[in-house]
$ cat query.cif   # mmCIF, C-alpha atoms
data_run
#
loop_
_atom_site.label_atom_id
_atom_site.label_comp_id
_atom_site.auth_asym_id
_atom_site.auth_seq_id
_atom_site.Cartn_x
_atom_site.Cartn_y
_atom_site.Cartn_z
CA MET O 1 16.79 -2.07 -12.36
CA TRP O 2 20.48 -1.91 -13.27
CA ILE O 3 20.76 1.67 -12.00
CA SER O 4 19.27 0.68 -8.63
CA ILE O 5 21.83 -2.14 -8.24
CA ILE O 6 24.90 0.10 -8.67
CA PRO O 7 24.71 1.98 -5.28
CA PRO O 8 24.49 -1.24 -3.18
CA LEU O 9 27.45 -2.70 -5.06
CA LEU O 10 29.45 0.46 -4.40
CA GLU O 11 28.44 0.38 -0.73
CA PHE O 12 29.58 -3.22 -0.31
CA TRP O 13 32.88 -2.37 -2.00
CA LEU O 14 33.39 0.44 0.54
CA TYR O 15 32.60 -1.95 3.38
CA TRP O 16 35.04 -4.53 2.07
CA ARG O 17 37.86 -2.21 0.95
CA VAL O 18 37.57 0.78 3.32
CA PHE O 19 35.58 0.07 6.50
CA PHE O 20 36.94 -3.40 7.24
CA PRO O 21 40.62 -2.45 6.59
CA GLN O 22 40.15 0.41 9.07
CA LEU O 23 39.10 -2.13 11.69
CA GLN O 24 42.22 -4.12 10.94
CA ASN O 25 44.36 -0.99 11.38
CA ILE O 26 42.76 -0.32 14.77
CA ASN O 27 43.50 -3.89 15.87
CA THR O 28 47.11 -3.53 14.69
CA LEU O 29 47.45 -0.21 16.53
CA PHE O 30 46.49 -1.86 19.82
CA ASN O 31 48.54 -4.99 19.08
CA LEU O 32 45.37 -7.04 18.69
CA TYR O 33 46.01 -8.26 15.17
CA ASP O 34 44.76 -11.77 14.72
CA PRO O 35 43.39 -13.25 11.44
CA ALA O 36 40.72 -15.16 13.36
CA SER O 37 39.46 -12.04 15.19
CA ASP O 38 39.45 -10.09 11.93
CA ALA O 39 37.23 -12.73 10.36
CA ILE O 40 34.93 -12.59 13.39
CA LEU O 41 34.67 -8.80 13.07
CA PHE O 42 33.92 -9.06 9.35
CA TYR O 43 31.02 -11.48 9.87
CA LEU O 44 29.86 -9.68 13.04
CA PHE O 45 29.19 -6.47 11.11
CA LEU O 46 28.02 -8.27 7.95
CA PRO O 47 24.30 -8.59 8.95
CA PHE O 48 24.13 -4.83 9.57
CA GLU O 49 25.82 -4.24 6.24
CA ILE O 50 23.33 -6.50 4.46
CA TYR O 51 20.45 -4.57 6.02
CA LEU O 52 22.00 -1.29 4.85
CA LEU O 53 22.53 -2.79 1.40
CA TYR O 54 18.85 -3.67 1.24
CA LEU O 55 17.82 -0.17 2.32
CA THR O 56 20.16 1.36 -0.22
CA PHE O 57 18.81 -0.92 -2.94
CA VAL O 58 15.19 0.00 -2.20
CA PHE O 59 15.80 3.74 -2.01
CA SER O 60 18.06 3.76 -5.06
CA SER O 61 15.30 2.04 -7.08
CA MET O 62 12.86 4.72 -5.92
CA PHE O 63 15.06 7.71 -6.66
CA SER O 64 16.29 6.37 -10.01
CA ALA O 65 12.64 5.84 -11.06
CA LYS O 66 11.76 9.33 -9.85
CA LEU O 67 14.58 10.78 -11.95
CA MET O 68 13.32 8.90 -15.00
CA LEU O 69 9.76 10.14 -14.37
CA ILE O 70 10.97 13.73 -14.20
CA ILE O 71 12.64 13.30 -17.59
CA VAL O 72 9.53 11.64 -19.09
CA ASN O 73 7.25 14.36 -17.70
CA LEU O 74 9.35 17.02 -19.46
CA PHE O 75 8.07 15.57 -22.72
CA HIS O 76 4.48 14.90 -21.64
CA LYS O 77 2.82 15.60 -18.28
CA PRO O 78 0.18 13.19 -16.92
CA ARG O 79 -3.40 14.44 -17.00
CA GLU O 80 -6.91 13.26 -16.21
CA GLY O 81 -9.36 12.24 -18.89
CA ILE O 82 -10.61 9.45 -21.14
CA PHE O 83 -8.16 8.50 -23.89
CA ASN O 84 -7.99 6.02 -26.75
CA ARG O 85 -6.21 2.76 -26.03
CA ASP O 86 -3.87 3.29 -28.94
CA PRO O 87 -0.04 3.51 -28.92
CA LYS O 88 -0.38 6.52 -31.21
CA ASP O 89 -2.27 8.37 -28.47
CA ARG O 90 0.38 10.28 -26.50
CA ASP O 91 -1.54 10.09 -23.21
CA TYR O 92 -1.88 6.30 -23.48
CA ALA O 93 1.70 5.81 -24.64
CA TYR O 94 3.20 7.90 -21.81
CA TRP O 95 0.85 6.35 -19.25
CA SER O 96 2.18 2.93 -20.28
CA LEU O 97 5.76 4.19 -20.02
CA ARG O 98 5.18 5.64 -16.53
CA ASN O 99 3.62 2.38 -15.35
CA THR O 100 6.65 0.48 -16.60
CA ILE O 101 9.01 2.82 -14.73
CA ILE O 102 7.01 2.72 -11.47
CA LYS O 103 6.41 -1.05 -11.48
CA TRP O 104 9.92 -2.02 -10.34
CA PRO O 105 10.35 0.35 -7.34
CA ALA O 106 6.73 -0.28 -6.27
CA TRP O 107 7.33 -4.04 -6.22
CA VAL O 108 10.63 -3.66 -4.36
CA SER O 109 8.98 -1.33 -1.85
CA HIS O 110 6.22 -3.86 -1.16
CA THR O 111 8.83 -6.46 -0.23
CA PHE O 112 10.19 -4.19 2.51
CA PRO O 113 8.69 -5.32 5.87
CA ILE O 114 8.13 -1.82 7.30
CA PRO O 115 4.81 -0.10 6.37
CA TRP O 116 6.08 3.50 6.38
CA HIS O 117 8.27 2.72 3.42
CA ASP O 118 5.27 2.55 1.06
CA VAL O 119 4.19 5.98 2.31
CA ILE O 120 7.59 7.39 1.31
CA LEU O 121 7.26 5.75 -2.11
CA MET O 122 3.83 7.26 -2.73
CA LYS O 123 4.81 10.69 -1.50
CA LEU O 124 7.79 10.60 -3.84
CA PHE O 125 5.59 9.73 -6.82
CA GLY O 126 2.93 12.36 -6.13
CA VAL O 127 0.33 10.62 -3.93
CA LYS O 128 -0.97 12.85 -1.14
CA THR O 129 -0.78 10.77 2.05
CA ASN O 130 0.78 10.74 5.53
CA PHE O 131 2.20 8.30 8.06
CA SER O 132 -1.11 7.82 9.93
CA ASN O 133 -2.34 5.71 7.01
CA SER O 134 -1.85 1.94 6.73
CA ILE O 135 -1.70 1.11 3.03
CA PHE O 136 1.02 -1.53 3.08
CA GLU O 137 -1.24 -4.49 2.27
CA GLY O 138 -3.00 -2.95 -0.74
CA TRP O 139 -2.02 -1.69 -4.17
CA VAL O 140 -2.35 2.04 -4.83
CA SER O 141 -1.81 3.86 -8.11
CA CYS O 142 1.19 6.17 -7.85
CA GLY O 143 -0.56 9.30 -9.05
CA PHE O 144 -3.91 11.11 -8.93
CA VAL O 145 -4.71 9.73 -5.46
CA GLU O 146 -5.34 11.85 -2.36
CA PHE O 147 -5.65 10.32 1.11
CA GLY O 148 -6.93 11.91 4.28
CA LYS O 149 -5.80 10.71 7.70
CA ASN O 150 -6.13 7.44 9.62
CA ILE O 151 -6.95 5.31 6.58
CA SER O 152 -6.61 1.52 6.46
CA VAL O 153 -6.35 -0.43 3.19
CA GLY O 154 -6.95 -4.17 3.44
CA GLN O 155 -4.82 -6.93 1.94
CA GLY O 156 -5.18 -7.23 -1.81
CA ALA O 157 -7.32 -4.09 -2.12
CA ILE O 158 -6.72 -1.97 -5.23
CA ILE O 159 -7.05 1.80 -5.48
CA ALA O 160 -6.78 2.51 -9.19
CA SER O 161 -6.84 6.06 -10.47
CA SER O 162 -6.42 4.64 -13.97
CA MET O 163 -7.94 1.63 -15.69
CA ILE O 164 -8.47 0.10 -19.13
CA PHE O 165 -12.12 -0.17 -20.15
CA GLY O 166 -12.60 -1.65 -23.59
CA ASN O 167 -10.73 0.53 -26.07
CA TYR O 168 -10.38 3.39 -23.64
CA LEU O 169 -7.99 4.46 -20.89
CA ILE O 170 -9.67 6.24 -17.96
CA ILE O 171 -7.54 8.42 -15.67
CA LYS O 172 -9.35 10.27 -12.87
CA LYS O 173 -8.36 11.46 -9.41
CA ILE O 174 -9.44 9.49 -6.34
CA LYS O 175 -10.05 11.24 -3.01
CA ILE O 176 -10.41 9.26 0.22
CA GLY O 177 -11.58 11.08 3.35
CA ASN O 178 -10.43 10.67 6.96
CA ASN O 179 -10.97 7.43 8.91
CA ALA O 180 -11.84 5.33 5.86
CA ILE O 181 -11.49 1.54 5.95
CA ILE O 182 -11.15 -0.32 2.65
CA GLY O 183 -11.70 -4.05 2.99
CA THR O 184 -9.79 -7.01 1.61
CA HIS O 185 -9.76 -7.26 -2.20
CA ALA O 186 -12.00 -4.20 -2.61
CA PHE O 187 -11.58 -2.20 -5.80
CA VAL O 188 -11.77 1.60 -5.93
CA SER O 189 -12.34 2.82 -9.49
CA PRO O 190 -11.03 6.07 -11.01
CA GLY O 191 -12.86 9.20 -9.94
CA THR O 192 -14.24 7.71 -6.71
CA ILE O 193 -14.77 10.28 -3.92
CA PHE O 194 -14.92 9.05 -0.32
CA GLY O 195 -16.45 11.12 2.44
CA GLU O 196 -15.30 10.63 6.04
CA ASN O 197 -15.81 7.63 8.35
CA ILE O 198 -16.64 5.27 5.47
CA ILE O 199 -16.19 1.50 5.39
CA LEU O 200 -15.95 -0.19 1.99
CA ALA O 201 -16.58 -3.88 2.60
CA ALA O 202 -14.36 -6.71 1.40
CA TYR O 203 -14.72 -7.55 -2.31
CA ALA O 204 -16.82 -4.43 -2.93
CA TYR O 205 -16.30 -2.43 -6.13
CA THR O 206 -17.02 1.22 -6.75
CA HIS O 207 -17.91 2.44 -10.22
CA VAL O 208 -16.17 5.29 -12.03
CA ASP O 209 -16.94 8.72 -10.50
CA GLN O 210 -18.93 7.20 -7.64
CA GLN O 211 -19.38 9.38 -4.54
CA LEU O 212 -19.63 7.73 -1.12
CA ASP O 213 -21.46 9.69 1.58
CA ASP O 214 -20.04 10.37 5.05
CA GLY O 215 -20.61 7.81 7.78
CA TRP O 216 -21.87 4.82 5.79
CA ILE O 217 -20.87 1.20 5.24
CA TYR O 218 -20.85 0.20 1.56
CA MET O 219 -20.79 -3.26 0.07
CA GLY O 220 -21.56 -5.01 -3.21
CA ILE O 221 -20.75 -4.66 -6.91
CA PRO O 222 -21.23 -1.80 -7.49
CA ALA O 223 -20.94 -0.62 -3.89
CA GLN O 224 -24.23 0.39 -2.26
CA LYS O 225 -25.21 1.66 1.16
CA LEU O 226 -25.66 -1.14 3.69
CA ARG O 227 -26.09 0.68 6.99
CA GLU O 228 -24.79 3.70 8.87
CA ASN O 229 -21.29 3.38 10.27
CA LYS O 230 -21.74 3.38 14.05
CA PHE O 231 -18.25 2.11 14.76
CA THR O 232 -16.86 5.62 15.24
CA GLU O 233 -19.48 6.69 17.80
CA PRO O 234 -18.85 6.74 21.59
CA GLY O 235 -20.25 3.88 23.66
CA LEU O 236 -19.51 1.31 20.98
CA GLU O 237 -18.38 -1.34 23.49
CA ILE O 238 -21.69 -1.13 25.38
CA GLN O 239 -23.67 -1.38 22.14
CA LEU O 240 -21.63 -4.38 20.95
CA ALA O 241 -22.15 -6.09 24.30
CA GLU O 242 -25.92 -5.56 24.05
CA ASP O 243 -25.96 -6.81 20.45
CA HIS O 244 -23.99 -9.87 21.49
CA LYS O 245 -26.37 -10.59 24.38
CA GLU O 246 -29.37 -10.26 22.07
CA MET O 247 -27.75 -12.54 19.49
CA VAL O 248 -27.01 -15.20 22.14
CA GLU O 249 -30.59 -15.06 23.43
CA THR O 250 -32.00 -15.33 19.88
CA TRP O 251 -29.78 -18.32 19.16
CA ALA O 252 -30.78 -20.04 22.41
CA LYS O 253 -34.48 -19.63 21.53
CA THR O 254 -33.82 -21.04 18.07
CA ILE O 255 -32.16 -24.11 19.58
CA GLU O 256 -35.06 -24.60 22.02
CA LYS O 257 -37.62 -24.46 19.19
CA ARG O 258 -35.61 -26.91 17.13
CA GLU O 259 -35.33 -29.36 20.04
CA ALA O 260 -39.05 -29.05 20.80
CA THR O 261 -39.92 -29.73 17.15
CA THR O 262 -37.63 -32.77 17.12
CA LEU O 263 -39.25 -34.18 20.29
CA LYS O 264 -42.75 -33.82 18.80
CA LYS O 265 -41.68 -35.71 15.67
CA ASP O 266 -40.24 -38.50 17.81
#

$ encode --input "query.cif" --output "structure tokens"
Amino acid sequence: MWISIIPPLLEFWLYWRVFFPQLQNINTLFNLYDPASDAILFYLFLPFEIYLLYLTFVFSSMFSAKLMLIIVNLFHKPREGIFNRDPKDRDYAYWSLRNTIIKWPAWVSHTFPIPWHDVILMKLFGVKTNFSNSIFEGWVSCGFVEFGKNISVGQGAIIASSMIFGNYLIIKKIKIGNNAIIGTHAFVSPGTIFGENIILAAYAYTHVDQQLDDGWIYMGIPAQKLRENKFTEPGLEIQLAEDHKEMVETWAKTIEKREATTLKKD
């Protein structure tokens, strides 16, 4: 955290001691020196400087954490498997250390209001993803996760390639195929393999090493097949319109039966 604060402080010092004095020199050169105008210029550029300070702070936290991870990985590289939840176990101990290092930049990155920033964070920490994916609202483990294209992760969803289960630490790679949608507060367990065109419903949980077949909607705990995913097929608008018409007609008949039953009772 302290390392990530140093670059923004240095940047503000440059703004205050180098950039702003240069503006004053330009004003003096053109005989425009005026203390009031200098103050206006200082506060005019200040919002842009604050935005740059924020960017610098976020990126410096990411790169300082990446540097620390490189050093840690020289001593022990991360690997998949099931390990004892014991500080004496090197895999567990270094997994805990990596999580501590990643926690700060991941939190700072989530506060940044532009979604592509999380993609940069994950790419930097070894997650295979691209800018067609929307994963800003969820929480994704920074390691052993591979995304396809056009993936949407709902608010509060968790994609965890590692988890504590009793006295064990489980670390397994997660693969998510193209066009997947992961609902709000869903939980993807280590080792889960998504096919393509899959919807995981809100609050659904996958179990460890679960495989989800192409083109299905899953829901429940653990996640089970609900119905085929027709939302990617052509002519969806026509089908939805027909379903809506049928639903309205069914509801109207239900109301008629209810009214008729009420009249008979009266």

$ resolve_selection --input "query.cif" --expression "the PyMOL selection byres ((chain O and resi 218-222) around 6)" --output "number ranges by chain"
O: 200-201, 204-206, 217, 223-226

$ residues_around --input "query.cif" --residues "Lys77 of chain O" --least-positions-apart "6" --cutoff "12 Å" --atoms "only C-alpha atoms" --output "list in words"
Leu69, Ile70, Ile71, Arg90, Asp91, Tyr92, Ala93, Tyr94, Trp95, Leu97, Arg98 and Gly143 of chain O

$ residues_around --input "query.cif" --residues "Lys66 of chain O" --least-positions-apart "3" --cutoff "9 Å" --atoms "all atoms listed in the file" --output "ChimeraX atom specification"
/O:61-63,69-71,101-102,124-125

$ resolve_selection --input "query.cif" --expression "the PyMOL selection byres ((chain O and resi 146) around 10)" --output "PyMOL selection string"
chain O and resi 126-129+143-145+147-148+173-177+193

$ resolve_selection --input "query.cif" --expression "the PyMOL selection byres ((chain O and resi 211) around 6)" --output "PyMOL selection string"
chain O and resi 192-193+210+212

$ closest_residue --input "query.cif" --among "O:Tyr168, O:Phe131, O:Trp104, O:Cys142" --to "Pro87 of chain O" --atoms "all atoms listed in the file"
O:Tyr168

$ atom_distance --input "query.cif" --atom1 "atom CA of Ile158 of chain O" --atom2 "atom CA of Val108 of chain O"
17.5 Å

$ atom_distance --input "query.cif" --atom1 "atom CA of Val188 of chain O" --atom2 "atom CA of Val140 of chain O"
9.5 Å

$ atom_distance --input "query.cif" --atom1 "atom CA of Leu9 of chain O" --atom2 "atom CA of Thr56 of chain O"
9.6 Å

$ closest_residue --input "query.cif" --among "O:Ile181, O:Val208, O:Met163, O:Ile170" --to "Ile151 of chain O" --atoms "all atoms listed in the file"
O:Ile181

$ closest_residue --input "query.cif" --among "O:Leu52, O:Arg17, O:His76, O:Trp139" --to "Asp89 of chain O" --atoms "all atoms listed in the file"
O:His76

$ closest_residue --input "query.cif" --among "O:Gly138, O:Gly154, O:Gly183, O:Gly195" --to "Trp107 of chain O" --atoms "all atoms listed in the file"
O:Gly138

$ closest_residue --input "query.cif" --among "O:Leu46, O:Pro7, O:Asn197, O:Pro190" --to "Ser152 of chain O" --atoms "all atoms listed in the file"
O:Asn197

$ axis_aligned_box --input "query.cif" --around "segment 126-134 of chain O" --padding-each-side "3 Å" --output "JSON"
{"center_x": 0.3, "center_y": 7.4, "center_z": 1.9, "size_x": 11.3, "size_y": 16.9, "size_z": 22.1}

$ closest_residue --input "query.cif" --among "O:Trp13, O:Phe194, O:Asp213, O:Lys172" --to "Gly81 of chain O" --atoms "all atoms listed in the file"
O:Lys172

$ build_atoms --input "query.cif" --residues "segment 37-69 of chain O" --atoms "N, CA and C atoms" --output "PDB file, in the coordinates of the input"
ATOM      1  N   SER O  37      40.304 -13.124  14.662  1.00  0.00           N
ATOM      2  CA  SER O  37      39.460 -12.040  15.190  1.00  0.00           C
ATOM      3  C   SER O  37      39.003 -11.115  14.072  1.00  0.00           C
ATOM      4  N   ASP O  38      39.846 -10.913  13.067  1.00  0.00           N
ATOM      5  CA  ASP O  38      39.450 -10.090  11.930  1.00  0.00           C
ATOM      6  C   ASP O  38      38.271 -10.728  11.185  1.00  0.00           C
ATOM      7  N   ALA O  39      38.330 -12.030  11.022  1.00  0.00           N
ATOM      8  CA  ALA O  39      37.230 -12.730  10.360  1.00  0.00           C
ATOM      9  C   ALA O  39      35.944 -12.622  11.174  1.00  0.00           C
ATOM     10  N   ILE O  40      36.103 -12.720  12.515  1.00  0.00           N
ATOM     11  CA  ILE O  40      34.930 -12.590  13.390  1.00  0.00           C
ATOM     12  C   ILE O  40      34.314 -11.202  13.252  1.00  0.00           C
ATOM     13  N   LEU O  41      35.173 -10.173  13.219  1.00  0.00           N
ATOM     14  CA  LEU O  41      34.670  -8.800  13.070  1.00  0.00           C
ATOM     15  C   LEU O  41      33.958  -8.616  11.732  1.00  0.00           C
ATOM     16  N   PHE O  42      34.528  -9.196  10.680  1.00  0.00           N
ATOM     17  CA  PHE O  42      33.920  -9.060   9.350  1.00  0.00           C
ATOM     18  C   PHE O  42      32.507  -9.634   9.345  1.00  0.00           C
ATOM     19  N   TYR O  43      32.335 -10.843   9.887  1.00  0.00           N
ATOM     20  CA  TYR O  43      31.020 -11.480   9.870  1.00  0.00           C
ATOM     21  C   TYR O  43      30.095 -10.914  10.958  1.00  0.00           C
ATOM     22  N   LEU O  44      30.680 -10.308  11.999  1.00  0.00           N
ATOM     23  CA  LEU O  44      29.860  -9.680  13.040  1.00  0.00           C
ATOM     24  C   LEU O  44      29.121  -8.471  12.485  1.00  0.00           C
ATOM     25  N   PHE O  45      29.806  -7.664  11.686  1.00  0.00           N
ATOM     26  CA  PHE O  45      29.190  -6.470  11.110  1.00  0.00           C
ATOM     27  C   PHE O  45      28.438  -6.761   9.800  1.00  0.00           C
ATOM     28  N   LEU O  46      28.621  -7.959   9.244  1.00  0.00           N
ATOM     29  CA  LEU O  46      28.020  -8.270   7.950  1.00  0.00           C
ATOM     30  C   LEU O  46      26.487  -8.194   7.947  1.00  0.00           C
ATOM     31  N   PRO O  47      25.777  -8.709   8.975  1.00  0.00           N
ATOM     32  CA  PRO O  47      24.300  -8.590   8.950  1.00  0.00           C
ATOM     33  C   PRO O  47      23.825  -7.141   8.894  1.00  0.00           C
ATOM     34  N   PHE O  48      24.507  -6.247   9.626  1.00  0.00           N
ATOM     35  CA  PHE O  48      24.130  -4.830   9.570  1.00  0.00           C
ATOM     36  C   PHE O  48      24.403  -4.256   8.185  1.00  0.00           C
ATOM     37  N   GLU O  49      25.504  -4.704   7.583  1.00  0.00           N
ATOM     38  CA  GLU O  49      25.820  -4.240   6.240  1.00  0.00           C
ATOM     39  C   GLU O  49      24.798  -4.738   5.219  1.00  0.00           C
ATOM     40  N   ILE O  50      24.349  -5.967   5.372  1.00  0.00           N
ATOM     41  CA  ILE O  50      23.330  -6.500   4.460  1.00  0.00           C
ATOM     42  C   ILE O  50      22.029  -5.717   4.586  1.00  0.00           C
ATOM     43  N   TYR O  51      21.664  -5.375   5.816  1.00  0.00           N
ATOM     44  CA  TYR O  51      20.450  -4.570   6.020  1.00  0.00           C
ATOM     45  C   TYR O  51      20.589  -3.204   5.358  1.00  0.00           C
ATOM     46  N   LEU O  52      21.763  -2.582   5.496  1.00  0.00           N
ATOM     47  CA  LEU O  52      22.000  -1.290   4.850  1.00  0.00           C
ATOM     48  C   LEU O  52      22.009  -1.427   3.328  1.00  0.00           C
ATOM     49  N   LEU O  53      22.543  -2.534   2.849  1.00  0.00           N
ATOM     50  CA  LEU O  53      22.530  -2.790   1.400  1.00  0.00           C
ATOM     51  C   LEU O  53      21.100  -2.873   0.878  1.00  0.00           C
ATOM     52  N   TYR O  54      20.252  -3.544   1.642  1.00  0.00           N
ATOM     53  CA  TYR O  54      18.850  -3.670   1.240  1.00  0.00           C
ATOM     54  C   TYR O  54      18.169  -2.307   1.219  1.00  0.00           C
ATOM     55  N   LEU O  55      18.386  -1.524   2.269  1.00  0.00           N
ATOM     56  CA  LEU O  55      17.820  -0.170   2.320  1.00  0.00           C
ATOM     57  C   LEU O  55      18.308   0.669   1.138  1.00  0.00           C
ATOM     58  N   THR O  56      19.594   0.597   0.889  1.00  0.00           N
ATOM     59  CA  THR O  56      20.160   1.360  -0.220  1.00  0.00           C
ATOM     60  C   THR O  56      19.566   0.920  -1.544  1.00  0.00           C
ATOM     61  N   PHE O  57      19.387  -0.385  -1.713  1.00  0.00           N
ATOM     62  CA  PHE O  57      18.810  -0.920  -2.940  1.00  0.00           C
ATOM     63  C   PHE O  57      17.377  -0.413  -3.157  1.00  0.00           C
ATOM     64  N   VAL O  58      16.576  -0.433  -2.085  1.00  0.00           N
ATOM     65  CA  VAL O  58      15.190   0.000  -2.200  1.00  0.00           C
ATOM     66  C   VAL O  58      15.107   1.483  -2.522  1.00  0.00           C
ATOM     67  N   PHE O  59      15.862   2.292  -1.795  1.00  0.00           N
ATOM     68  CA  PHE O  59      15.800   3.740  -2.010  1.00  0.00           C
ATOM     69  C   PHE O  59      16.419   4.137  -3.348  1.00  0.00           C
ATOM     70  N   SER O  60      17.465   3.432  -3.767  1.00  0.00           N
ATOM     71  CA  SER O  60      18.060   3.760  -5.060  1.00  0.00           C
ATOM     72  C   SER O  60      17.104   3.435  -6.201  1.00  0.00           C
ATOM     73  N   SER O  61      16.306   2.358  -6.061  1.00  0.00           N
ATOM     74  CA  SER O  61      15.300   2.040  -7.080  1.00  0.00           C
ATOM     75  C   SER O  61      14.234   3.122  -7.139  1.00  0.00           C
ATOM     76  N   MET O  62      13.867   3.656  -5.961  1.00  0.00           N
ATOM     77  CA  MET O  62      12.860   4.720  -5.920  1.00  0.00           C
ATOM     78  C   MET O  62      13.369   6.003  -6.572  1.00  0.00           C
ATOM     79  N   PHE O  63      14.558   6.419  -6.186  1.00  0.00           N
ATOM     80  CA  PHE O  63      15.060   7.710  -6.660  1.00  0.00           C
ATOM     81  C   PHE O  63      15.477   7.644  -8.132  1.00  0.00           C
ATOM     82  N   SER O  64      15.965   6.492  -8.585  1.00  0.00           N
ATOM     83  CA  SER O  64      16.290   6.370 -10.010  1.00  0.00           C
ATOM     84  C   SER O  64      15.010   6.423 -10.847  1.00  0.00           C
ATOM     85  N   ALA O  65      13.928   5.776 -10.352  1.00  0.00           N
ATOM     86  CA  ALA O  65      12.640   5.840 -11.060  1.00  0.00           C
ATOM     87  C   ALA O  65      12.088   7.257 -11.045  1.00  0.00           C
ATOM     88  N   LYS O  66      12.236   7.948  -9.928  1.00  0.00           N
ATOM     89  CA  LYS O  66      11.760   9.330  -9.850  1.00  0.00           C
ATOM     90  C   LYS O  66      12.496  10.209 -10.849  1.00  0.00           C
ATOM     91  N   LEU O  67      13.798  10.009 -10.978  1.00  0.00           N
ATOM     92  CA  LEU O  67      14.580  10.780 -11.950  1.00  0.00           C
ATOM     93  C   LEU O  67      14.098  10.505 -13.372  1.00  0.00           C
ATOM     94  N   MET O  68      13.815   9.245 -13.674  1.00  0.00           N
ATOM     95  CA  MET O  68      13.320   8.900 -15.000  1.00  0.00           C
ATOM     96  C   MET O  68      11.944   9.507 -15.256  1.00  0.00           C
ATOM     97  N   LEU O  69      11.087   9.534 -14.220  1.00  0.00           N
ATOM     98  CA  LEU O  69       9.760  10.140 -14.370  1.00  0.00           C
ATOM     99  C   LEU O  69       9.852  11.637 -14.629  1.00  0.00           C
TER     100      LEU O  69
END
